[in-house]
Structures are given as structure tokens and as C-alpha cells.
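Here is the structure we will look at, set down as C-alpha cells.
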Amino acid sequence: MPVKIAPSLLAADFARLEEEITRVAPHVDWLHLDVMDGHFVPNISFGIPVISSIRTATEVFFDCHIMTTNPDAFLPELREAGADQVTVHIEAVPDPTRAFERATQNGLKCGLVVNPGTPFEAIAPFAERCDTIVIMSVEPGYGGQAFMPASLSKVEEAREWVENHGLGADIEIDGGITPENAGSAVSAGASVLVAGTAVFRADDPASAVDALRRAADN
Ligand code: DX5
Ligand code: ZN
């Protein structure tokens, strides 16, 4: 399966969102949207009204990474705004059963995210319900942080679990991804690469996406 590239809009110029999105969208598989509440993580990014506005700019798949204390509270509104997938943190919802049910009822794909300090075992019991399993390779809250190489063994664990149980989940790695570490992330088993800074802070975001894709393929 080809690796999916999912630029994180968090690193884009928020004054020019439409332009930022339309110049990368034709080159990417997903757009990664980081929703933060200033409570689950120590930062506030953007929410439903912004997602709804940018939905008019592109048809690309919206992968919404929900970093809020109550991630299941707004699932219908997120779908209405144009989200295609929501991923929620196991640290926020230790039992994600209800969140998954609500996501599915609302036509959303869904997944679970684990922080660097949380073992893979925390999400393993729910892996079969996940369309995507997200391994954080930085502490959530901010873009532009250094990649944590220790996350690669967790990607390997997730890949092994998915293969051993015959599951179809994507394995996404999020944080500090560059062309330098993209290859090792894919070798460890990642099928989705999230990259904010490496794409939107590049002089030419479209070529930055191509560079990630080449690194992923090698
Ligand atoms: C961090 C976010 C990431 C981040 C990735 O909380 O979940 O998606 O924006 O950005 P970079 O690639 O800059 O680490
Ligand atoms: Zn993210």
C-alpha cells in the first residue's frame, strides 16, 4: 500500500488558509487538522467554524486530530463541518466505545491516538475498532518539535498487532516528521505520515510533500 502524506495545517499561515490549502491539496492524501482546547493540551488552535470554512476550499480528506478533554461532545458538529475522520486520545477517553459509536453513527471514520508516554497496550484492546491508529512522535500541543525516535518501537508494536490480528487500520505517525526520518517511520510500519513544519514552512510546500513521498518510498 502506498504511504499517505498528511500535512498538518497547524504550521500554515492562518491569514492565508485557502491559498495554503489549495497549493498542497493536489499533492497530498489527507489534510491533518489539529483541534486543541487549551485544556487537554496547553495550546488552542482552531475548531469547528474554521473546519467548516476551509471545507469550501478543497475536497481532500480531513483527518481531524482531536486534542480536547471531551472529544466525543462535538462529533455531529465535526461531521457537519466536513470532517472525514476523527482521532481521539486514549488519555482523554480511557474507554472510547461511546466515542466510536457516535463517530460511526455520524458517518465519521475514527481512530485512537497515544501520547509518547502511553504504552501501545492502552489502545490494543480497541485496535479492531480503529480505522487509524496514531502514534505521537512529539508531545501533543505544538508543531515544530523534534522527532522522538523512541516512538518508532511503538509504531512497530502497532504494525505487529495490526498484522497479527488481520486488521486493516492505518498506522499514522504524528510529530517532527521530515524527509530525514520518514523512511525509518515507514520501515517501522507507518502508513500515514503527518508533517506540519516540514511542509508548510518550506519555501515550496508541494515539493516538500514530494520529498517526503520519495523518502517514504525508499
Ligand atoms: C502536535 C500536532 C501535530 C503537529 C505536527 O500536537 O498533533 O500534528 O502539528 O507538526 P510538526 O510536523 O511541525 O511536528
Ligand atoms: Zn496532529
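Identifiers in this document derive from the order of the C-alpha cells: chains are assigned A, B, ..., residues are numbered from 1 separately in each chain, and ligands are numbered from 1 in order of occurrence.
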
### Message
At a cut-off of 6 Å around ligand 1, and using only C-alpha atoms and all ligand atoms, what residues come up? Please write them as a ChimeraX atom specification.
### Response
/A:8,10,34,140-145,174-177,195-198

Export of prior selection with N, CA and C atoms as a compact mmCIF listing (two decimals), in the first residue's frame:
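Just written: out_7.txt:
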# COMPACT_ATOMS: atom_id res chain seq x y z
N SER A 8 0.02 18.78 8.24
CA SER A 8 -0.73 19.37 9.35
C SER A 8 -0.86 20.86 9.15
N LEU A 10 -1.59 23.05 11.11
CA LEU A 10 -1.13 23.85 12.25
C LEU A 10 0.06 24.74 11.89
N ASP A 34 -5.46 19.78 13.45
CA ASP A 34 -5.21 19.65 14.89
C ASP A 34 -6.14 20.57 15.68
N PRO A 140 1.88 16.21 22.34
CA PRO A 140 0.88 16.98 21.60
C PRO A 140 0.75 18.40 22.14
N GLY A 141 0.42 19.32 21.25
CA GLY A 141 0.18 20.70 21.66
C GLY A 141 0.83 21.72 20.74
N TYR A 142 1.98 21.37 20.22
CA TYR A 142 2.71 22.34 19.39
C TYR A 142 3.34 21.67 18.18
N GLY A 143 3.39 22.41 17.08
CA GLY A 143 4.15 21.98 15.93
C GLY A 143 5.61 22.36 16.12
N GLY A 144 6.46 21.90 15.22
CA GLY A 144 7.85 22.33 15.20
C GLY A 144 8.75 21.71 16.25
N GLN A 145 8.29 20.64 16.91
CA GLN A 145 9.14 19.99 17.92
C GLN A 145 9.99 18.90 17.26
N ASP A 174 2.77 11.05 14.04
CA ASP A 174 2.48 12.48 14.06
C ASP A 174 3.48 13.22 14.94
N GLY A 175 4.27 14.09 14.28
CA GLY A 175 5.15 14.98 15.02
C GLY A 175 6.61 14.89 14.60
N GLY A 176 7.14 16.01 14.11
CA GLY A 176 8.56 16.09 13.80
C GLY A 176 9.00 15.28 12.59
N ILE A 177 8.06 14.93 11.73
CA ILE A 177 8.42 14.12 10.55
C ILE A 177 9.06 15.01 9.47
N ALA A 195 2.98 15.74 8.66
CA ALA A 195 4.11 16.68 8.71
C ALA A 195 3.58 18.10 8.58
N GLY A 196 3.82 18.90 9.60
CA GLY A 196 3.40 20.30 9.59
C GLY A 196 4.51 21.20 9.11
N THR A 197 5.51 21.38 9.98
CA THR A 197 6.62 22.28 9.70
C THR A 197 7.33 21.94 8.40
N ALA A 198 7.59 20.64 8.19
CA ALA A 198 8.36 20.21 7.01
C ALA A 198 7.62 20.55 5.71

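Here the residues within region 118-210 of chain A that DSSP labels strand (DSSP E) on the basis of the backbone are Thr132, Ile133, Val134, Ile135, Met136, Asp170, Ile171, Glu172, Ile173, Asp174, Val192, Leu193, Val194 and Ala195 of chain A.
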
Quick one: write out the picked residues with C-alpha atoms as a PDB file, in the first residue's frame?
ATOM      1  CA  THR A 132      -6.410   4.685  12.058  1.00  0.00           C
ATOM      2  CA  ILE A 133      -4.017   4.230  14.977  1.00  0.00           C
ATOM      3  CA  VAL A 134      -1.970   7.361  15.672  1.00  0.00           C
ATOM      4  CA  ILE A 135       1.411   7.205  17.393  1.00  0.00           C
ATOM      5  CA  MET A 136       2.557  10.614  18.655  1.00  0.00           C
ATOM      6  CA  ASP A 170      -3.742   2.672   9.004  1.00  0.00           C
ATOM      7  CA  ILE A 171      -0.838   3.478  11.313  1.00  0.00           C
ATOM      8  CA  GLU A 172      -0.157   7.188  11.442  1.00  0.00           C
ATOM      9  CA  ILE A 173       2.883   8.855  12.963  1.00  0.00           C
ATOM     10  CA  ASP A 174       2.478  12.477  14.061  1.00  0.00           C
ATOM     11  CA  VAL A 192       0.394   7.729   7.154  1.00  0.00           C
ATOM     12  CA  LEU A 193       2.963  10.469   7.726  1.00  0.00           C
ATOM     13  CA  VAL A 194       1.795  13.721   9.310  1.00  0.00           C
ATOM     14  CA  ALA A 195       4.111  16.678   8.712  1.00  0.00           C
TER      15      ALA A 195
END

### Message
Residues near Ala216 (chain A), anyone? I mean within 12 Å using only C-alpha atoms, not counting same-chain ones fewer than 5 positions away, as a PyMOL selection string.
### Response
chain A and resi 1-5+177-194+209-211

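In this comparison, which uses only C-alpha atoms and all ligand atoms, the residue of A:Ala92, A:Leu75, A:Ala83, A:Val138 approaching ligand 2 most closely is A:Val138.
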
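The space separating CA of Thr56 (chain A) from CA of Ala25 (chain A) comes to 12.6 Å.
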
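Atom pair CA of Thr68 (chain A) / CA of Val93 (chain A): separated by 9.9 Å.
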
### Task
Run DSSP on the backbone and grab whatever in region 83-202 of chain A lands in alpha helix (DSSP H); send it over as number ranges by chain.
A: 97-105, 151-164, 179-188, 197-200

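You can rank A:Thr69, A:Ser53, A:Ser153, A:Asn43 by their closest distance to Leu17 (chain A) using only C-alpha atoms, and at the top of that list sits A:Ser53.
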
So which residues touch Gly107 (chain A) within 12 Å, counting only C-alpha atoms, skipping near sequence neighbours fewer than 2 positions away, as a compact mmCIF listing (two decimals) with all heavy atoms, in the first residue's frame?
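Listed below is the output, result-v6.txt:
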# COMPACT_ATOMS: atom_id res chain seq x y z
N LEU A 75 -18.95 15.47 17.94
CA LEU A 75 -18.79 14.65 16.73
C LEU A 75 -19.81 14.98 15.64
O LEU A 75 -19.42 15.12 14.47
CB LEU A 75 -18.80 13.16 17.09
CG LEU A 75 -17.62 12.72 17.98
CD1 LEU A 75 -17.72 11.24 18.31
CD2 LEU A 75 -16.29 13.02 17.31
N PRO A 76 -21.11 15.14 15.95
CA PRO A 76 -22.05 15.50 14.87
C PRO A 76 -21.68 16.83 14.21
O PRO A 76 -21.73 16.97 13.00
CB PRO A 76 -23.41 15.60 15.58
CG PRO A 76 -23.25 14.79 16.83
CD PRO A 76 -21.79 14.93 17.23
N GLU A 77 -21.25 17.80 15.05
CA GLU A 77 -20.89 19.11 14.51
C GLU A 77 -19.63 19.01 13.64
O GLU A 77 -19.51 19.71 12.63
CB GLU A 77 -20.64 20.10 15.65
CG GLU A 77 -21.89 20.53 16.40
CD GLU A 77 -22.34 19.55 17.48
OE1 GLU A 77 -21.75 18.44 17.61
OE2 GLU A 77 -23.31 19.89 18.19
N LEU A 78 -18.71 18.15 14.03
CA LEU A 78 -17.49 17.98 13.22
C LEU A 78 -17.84 17.38 11.86
O LEU A 78 -17.31 17.80 10.83
CB LEU A 78 -16.48 17.09 13.96
CG LEU A 78 -15.63 17.81 15.01
CD1 LEU A 78 -15.01 16.82 15.98
CD2 LEU A 78 -14.55 18.65 14.34
N ARG A 79 -18.73 16.39 11.87
CA ARG A 79 -19.17 15.79 10.60
C ARG A 79 -19.85 16.84 9.73
O ARG A 79 -19.56 16.95 8.54
CB ARG A 79 -20.11 14.62 10.88
CG ARG A 79 -20.58 13.93 9.62
CD ARG A 79 -19.39 13.39 8.83
NE ARG A 79 -19.77 12.79 7.56
CZ ARG A 79 -18.94 12.57 6.56
NH1 ARG A 79 -17.67 12.91 6.66
NH2 ARG A 79 -19.34 12.01 5.46
N GLU A 80 -20.72 17.59 10.37
CA GLU A 80 -21.47 18.65 9.66
C GLU A 80 -20.49 19.66 9.04
O GLU A 80 -20.69 20.14 7.94
CB GLU A 80 -22.38 19.33 10.69
CG GLU A 80 -23.31 20.37 10.15
CD GLU A 80 -24.46 19.77 9.34
OE1 GLU A 80 -24.70 18.54 9.44
OE2 GLU A 80 -25.07 20.52 8.59
N GLY A 82 -17.58 19.02 7.98
CA GLY A 82 -16.84 18.45 6.86
C GLY A 82 -15.71 17.52 7.23
O GLY A 82 -14.92 17.12 6.36
N ALA A 83 -15.61 17.14 8.51
CA ALA A 83 -14.58 16.17 8.90
C ALA A 83 -14.87 14.82 8.25
O ALA A 83 -16.03 14.43 8.09
CB ALA A 83 -14.57 16.01 10.42
N ASP A 84 -13.82 14.12 7.83
CA ASP A 84 -13.97 12.76 7.31
C ASP A 84 -13.60 11.72 8.36
O ASP A 84 -14.18 10.65 8.43
CB ASP A 84 -13.06 12.57 6.08
CG ASP A 84 -13.54 13.44 4.93
OD1 ASP A 84 -14.63 13.16 4.41
OD2 ASP A 84 -12.83 14.40 4.56
N GLN A 85 -12.60 12.05 9.18
CA GLN A 85 -12.14 11.13 10.23
C GLN A 85 -11.85 11.94 11.49
O GLN A 85 -11.33 13.06 11.39
CB GLN A 85 -10.86 10.42 9.78
CG GLN A 85 -10.13 9.66 10.87
CD GLN A 85 -9.14 8.66 10.33
OE1 GLN A 85 -9.50 7.53 10.03
NE2 GLN A 85 -7.88 9.07 10.20
N VAL A 86 -12.15 11.36 12.64
CA VAL A 86 -11.72 11.96 13.91
C VAL A 86 -10.85 10.94 14.64
O VAL A 86 -11.18 9.75 14.68
CB VAL A 86 -12.90 12.36 14.83
CG1 VAL A 86 -13.65 13.54 14.27
CG2 VAL A 86 -13.85 11.20 15.07
N PHE A 100 -16.54 5.97 19.63
CA PHE A 100 -16.55 5.24 18.37
C PHE A 100 -17.97 5.07 17.84
O PHE A 100 -18.23 5.25 16.66
CB PHE A 100 -15.91 3.85 18.55
CG PHE A 100 -14.41 3.86 18.60
CD1 PHE A 100 -13.73 2.80 19.17
CD2 PHE A 100 -13.68 4.91 18.09
CE1 PHE A 100 -12.35 2.78 19.22
CE2 PHE A 100 -12.29 4.90 18.12
CZ PHE A 100 -11.63 3.84 18.70
N GLU A 101 -18.89 4.74 18.77
CA GLU A 101 -20.29 4.56 18.34
C GLU A 101 -20.84 5.85 17.76
O GLU A 101 -21.46 5.85 16.70
CB GLU A 101 -21.16 4.11 19.52
CG GLU A 101 -21.05 2.62 19.77
CD GLU A 101 -21.64 2.20 21.12
OE1 GLU A 101 -22.27 3.04 21.80
OE2 GLU A 101 -21.44 1.02 21.49
N ARG A 102 -20.58 6.95 18.46
CA ARG A 102 -21.10 8.24 17.98
C ARG A 102 -20.45 8.64 16.65
O ARG A 102 -21.09 9.18 15.76
CB ARG A 102 -20.85 9.35 19.02
CG ARG A 102 -21.64 9.17 20.28
CD ARG A 102 -21.71 10.47 21.05
NE ARG A 102 -22.67 11.39 20.48
CZ ARG A 102 -22.66 12.70 20.68
NH1 ARG A 102 -21.73 13.26 21.41
NH2 ARG A 102 -23.57 13.48 20.14
N ALA A 103 -19.16 8.36 16.52
CA ALA A 103 -18.47 8.70 15.27
C ALA A 103 -19.09 7.91 14.12
O ALA A 103 -19.44 8.47 13.07
CB ALA A 103 -16.98 8.39 15.40
N THR A 104 -19.24 6.60 14.33
CA THR A 104 -19.78 5.74 13.27
C THR A 104 -21.21 6.15 12.91
O THR A 104 -21.55 6.25 11.74
CB THR A 104 -19.74 4.26 13.73
OG1 THR A 104 -18.42 4.00 14.22
CG2 THR A 104 -20.03 3.32 12.61
N GLN A 105 -22.02 6.42 13.95
CA GLN A 105 -23.40 6.85 13.69
C GLN A 105 -23.43 8.12 12.85
O GLN A 105 -24.36 8.35 12.09
CB GLN A 105 -24.13 7.17 15.01
CG GLN A 105 -24.64 5.95 15.75
CD GLN A 105 -24.90 6.26 17.23
OE1 GLN A 105 -24.88 7.42 17.66
NE2 GLN A 105 -25.16 5.21 18.00
N LYS A 109 -15.10 8.27 9.98
CA LYS A 109 -14.09 7.27 10.30
C LYS A 109 -13.48 7.68 11.64
O LYS A 109 -13.54 8.86 12.02
CB LYS A 109 -13.03 7.22 9.20
CG LYS A 109 -13.54 6.62 7.90
CD LYS A 109 -12.41 6.34 6.96
CE LYS A 109 -12.88 5.73 5.66
NZ LYS A 109 -13.52 4.41 5.81
N CYS A 110 -12.90 6.71 12.36
CA CYS A 110 -12.40 7.07 13.68
C CYS A 110 -11.13 6.31 14.03
O CYS A 110 -10.81 5.29 13.42
CB CYS A 110 -13.47 6.86 14.74
SG CYS A 110 -14.11 5.20 14.80

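Shortest separation to ligand 2 among A:His32, A:Arg201, A:Arg23, A:His165 occurs at residue A:His32, atoms counted being only C-alpha atoms and all ligand atoms.
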
### Task
Determine, counting only C-alpha atoms, which protein, DNA and RNA residues have an atom within 7 Å of an atom of Ile48 (chain A); residues of the same chain fewer than 3 positions away are not included. Present the result as a ChimeraX atom specification.
/A:51-52,78,81

Can you write just those residues out, all heavy atoms, as an mmCIF file, in the first residue's frame?
data_model
loop_
_atom_site.group_PDB
_atom_site.id
_atom_site.type_symbol
_atom_site.label_atom_id
_atom_site.label_comp_id
_atom_site.auth_asym_id
_atom_site.auth_seq_id
_atom_site.Cartn_x
_atom_site.Cartn_y
_atom_site.Cartn_z
ATOM 1 N N ILE A 51 -12.911 24.644 10.394
ATOM 2 C CA ILE A 51 -13.002 23.434 9.557
ATOM 3 C C ILE A 51 -14.113 23.619 8.522
ATOM 4 O O ILE A 51 -13.952 23.321 7.340
ATOM 5 C CB ILE A 51 -13.247 22.176 10.430
ATOM 6 C CG1 ILE A 51 -12.019 21.938 11.320
ATOM 7 C CG2 ILE A 51 -13.542 20.954 9.561
ATOM 8 C CD1 ILE A 51 -12.178 20.825 12.339
ATOM 9 N N SER A 52 -15.230 24.144 8.968
ATOM 10 C CA SER A 52 -16.356 24.367 8.073
ATOM 11 C C SER A 52 -15.988 25.355 6.950
ATOM 12 O O SER A 52 -16.329 25.135 5.777
ATOM 13 C CB SER A 52 -17.504 24.902 8.927
ATOM 14 O OG SER A 52 -18.585 25.201 8.158
ATOM 15 N N LEU A 78 -18.707 18.154 14.033
ATOM 16 C CA LEU A 78 -17.489 17.983 13.223
ATOM 17 C C LEU A 78 -17.840 17.382 11.863
ATOM 18 O O LEU A 78 -17.310 17.801 10.833
ATOM 19 C CB LEU A 78 -16.480 17.090 13.956
ATOM 20 C CG LEU A 78 -15.634 17.807 15.006
ATOM 21 C CD1 LEU A 78 -15.014 16.816 15.975
ATOM 22 C CD2 LEU A 78 -14.549 18.651 14.339
ATOM 23 N N ALA A 81 -19.402 19.934 9.755
ATOM 24 C CA ALA A 81 -18.411 20.913 9.282
ATOM 25 C C ALA A 81 -17.563 20.349 8.141
ATOM 26 O O ALA A 81 -16.903 21.102 7.429
ATOM 27 C CB ALA A 81 -17.500 21.321 10.438
#
